[in-house]
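Q: Just dropping this structure here.
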Amino acid sequence: MIENKLTELGYELPHPTTAPKNFLLVSIYEGMAYLSGTLPYVDGHLPKEGKVGDTVTLEEAEELARICTLNMLANLKAEIGSLDKVKQIIKVTGFIASATGFTNQGVVLNAASDLLVDVFAEKGKHARSAVGTAVMPKNTPVEIEMIVAIDM
């Protein structure tokens, strides 16, 4: 069971996020779950703000990527009932607010990729993009979105 694996790895799923009124956190279509860009909120607050390579260290950004991933998994579970319905993580896209000269966006996103593979094994391997940005919503350093194939 996937939730047991999360616990074994020392992770706990947070409460799922409440959906805003004009878009879905998880949109399901023909066996695919499309997860909206997710911020690294912990108890309703961003633990860090700013740009990676300036006010946010690489290690802090990696932790924020893990938090984003756990938040997405919580939202996915709320929508489909069980993470055991995940057939394959298809695509992960990470947006990293980057200071001038910061070029380790892929390292930041590795934290999310590693967590997904640790939890889902082969089903966690995915295509991905790590994108550096100048400005992010709410001054978050990291935002991640994901596409997942699921059993219906």
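Within each chain, counting starts at residue 1; across the structure tokens, chains are named A, B, ... in the order shown, with ligands numbered 1 upward in that order.
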Neighbours of Lys91 in chain A within 10 Å (only C-alpha atoms; same-chain residues fewer than 4 positions away dropped), as a ChimeraX atom specification?
A: /A:34,113,124-129,145-149
Q: Would you save the residues from that selection as a short mmCIF file (atom, residue, chain, number, x, y, z; two decimals), in the first residue's frame, using N, CA and C atoms?
A:
```
data_model
loop_
_atom_site.label_atom_id
_atom_site.label_comp_id
_atom_site.auth_asym_id
_atom_site.auth_seq_id
_atom_site.Cartn_x
_atom_site.Cartn_y
_atom_site.Cartn_z
N TYR A 34 -4.70 15.41 -13.96
CA TYR A 34 -3.87 16.59 -14.19
C TYR A 34 -3.91 17.42 -12.92
N SER A 113 11.34 14.33 -7.82
CA SER A 113 11.48 13.10 -8.60
C SER A 113 11.92 11.93 -7.73
N GLY A 124 6.85 5.48 -10.44
CA GLY A 124 7.16 6.87 -10.11
C GLY A 124 8.08 7.54 -11.11
N LYS A 125 8.68 6.77 -12.02
CA LYS A 125 9.58 7.36 -13.02
C LYS A 125 8.75 8.13 -14.04
N HIS A 126 9.23 9.30 -14.43
CA HIS A 126 8.42 10.22 -15.21
C HIS A 126 9.26 11.09 -16.12
N ALA A 127 8.61 11.69 -17.11
CA ALA A 127 9.22 12.77 -17.87
C ALA A 127 9.10 14.03 -17.02
N ARG A 128 9.97 15.03 -17.29
CA ARG A 128 9.86 16.23 -16.47
C ARG A 128 10.52 17.43 -17.13
N SER A 129 10.18 18.58 -16.60
CA SER A 129 10.82 19.85 -16.98
C SER A 129 11.06 20.64 -15.71
N GLU A 145 3.70 20.99 -10.82
CA GLU A 145 2.49 20.38 -11.34
C GLU A 145 2.82 18.99 -11.84
N MET A 146 1.77 18.16 -12.02
CA MET A 146 2.03 16.77 -12.34
C MET A 146 0.87 16.18 -13.14
N ILE A 147 1.21 15.20 -13.98
CA ILE A 147 0.21 14.42 -14.71
C ILE A 147 0.40 12.97 -14.30
N VAL A 148 -0.71 12.30 -13.97
CA VAL A 148 -0.66 10.94 -13.43
C VAL A 148 -1.69 10.06 -14.13
N ALA A 149 -1.30 8.88 -14.58
CA ALA A 149 -2.24 7.88 -15.09
C ALA A 149 -2.81 7.13 -13.90
#
```
Q: Do you know which residues are at most 7 Å from range 94-104 of chain A counting only C-alpha atoms, after dropping those on the same chain fewer than 2 positions away, and could you put them as a PyMOL selection string?
A: chain A and resi 51-54+92+106-109+129-136+141-145
Q: Please, could you write that set of residues out with N, CA and C atoms as a compact mmCIF listing (two decimals), in the first residue's frame?
A:
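This is the output file result_3.txt:
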```
# COMPACT_ATOMS: atom_id res chain seq x y z
N LYS A 51 13.77 33.95 -3.85
CA LYS A 51 14.38 33.27 -4.99
C LYS A 51 15.48 32.32 -4.52
N VAL A 52 15.53 31.19 -5.20
CA VAL A 52 16.57 30.21 -4.91
C VAL A 52 17.90 30.77 -5.43
N GLY A 53 18.92 30.69 -4.59
CA GLY A 53 20.21 31.27 -4.93
C GLY A 53 20.36 32.67 -4.39
N ASP A 54 19.32 33.18 -3.73
CA ASP A 54 19.38 34.50 -3.10
C ASP A 54 18.96 34.34 -1.65
N VAL A 92 6.19 15.56 -14.60
CA VAL A 92 6.33 16.51 -13.50
C VAL A 92 6.98 17.77 -14.08
N GLY A 106 17.25 21.86 -11.98
CA GLY A 106 17.11 20.40 -12.03
C GLY A 106 17.41 19.73 -10.71
N VAL A 107 18.37 20.26 -9.98
CA VAL A 107 18.70 19.70 -8.66
C VAL A 107 17.53 19.90 -7.70
N VAL A 108 16.92 21.07 -7.76
CA VAL A 108 15.74 21.32 -6.91
C VAL A 108 14.66 20.29 -7.22
N LEU A 109 14.36 20.12 -8.50
CA LEU A 109 13.29 19.20 -8.89
C LEU A 109 13.65 17.74 -8.65
N SER A 129 10.18 18.58 -16.60
CA SER A 129 10.82 19.85 -16.98
C SER A 129 11.06 20.64 -15.71
N ALA A 130 12.25 21.24 -15.61
CA ALA A 130 12.59 22.12 -14.50
C ALA A 130 12.82 23.50 -15.09
N VAL A 131 11.97 24.44 -14.73
CA VAL A 131 11.96 25.75 -15.36
C VAL A 131 12.33 26.84 -14.34
N GLY A 132 13.32 27.66 -14.67
CA GLY A 132 13.67 28.79 -13.84
C GLY A 132 12.80 29.98 -14.22
N THR A 133 12.28 30.68 -13.20
CA THR A 133 11.44 31.84 -13.45
C THR A 133 11.94 33.03 -12.63
N ALA A 134 11.54 34.22 -13.05
CA ALA A 134 11.95 35.43 -12.35
C ALA A 134 11.04 35.74 -11.17
N VAL A 135 9.75 35.51 -11.34
CA VAL A 135 8.76 35.85 -10.32
C VAL A 135 7.74 34.73 -10.24
N MET A 136 7.30 34.44 -9.01
CA MET A 136 6.32 33.37 -8.80
C MET A 136 5.14 33.90 -7.98
N PRO A 141 9.17 30.13 -3.74
CA PRO A 141 10.37 29.74 -4.47
C PRO A 141 10.14 28.56 -5.43
N VAL A 142 9.13 27.72 -5.14
CA VAL A 142 8.91 26.50 -5.91
C VAL A 142 7.41 26.27 -6.12
N GLU A 143 7.06 25.85 -7.32
CA GLU A 143 5.70 25.40 -7.64
C GLU A 143 5.85 24.20 -8.57
N ILE A 144 5.05 23.16 -8.32
CA ILE A 144 5.16 21.94 -9.13
C ILE A 144 3.77 21.51 -9.58
N GLU A 145 3.70 20.99 -10.82
CA GLU A 145 2.49 20.38 -11.34
C GLU A 145 2.82 18.99 -11.84
```
Q: Can you measure CA of Ile90 in chain A to CA of Leu13 in chain A for me? One decimal in Å is fine.
A: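 Calculated distance between CA of Ile90 in chain A and CA of Leu13 in chain A is 20.6 Å.
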Q: For Cys68 in chain A, which residue among A:Ile80, A:Val42, A:Leu9, A:Ile2 is the nearest when counting only C-alpha atoms?
A: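 Among A:Ile80, A:Val42, A:Leu9, A:Ile2, it is A:Val42 that comes nearest to Cys68 in chain A.
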Q: Using DSSP on the backbone coordinates, identify the residues of range 22-109 of chain A assigned to strand (DSSP E); present them as an MDAnalysis selection string.
A: chainID A and resid 26:29 32:38 86:97
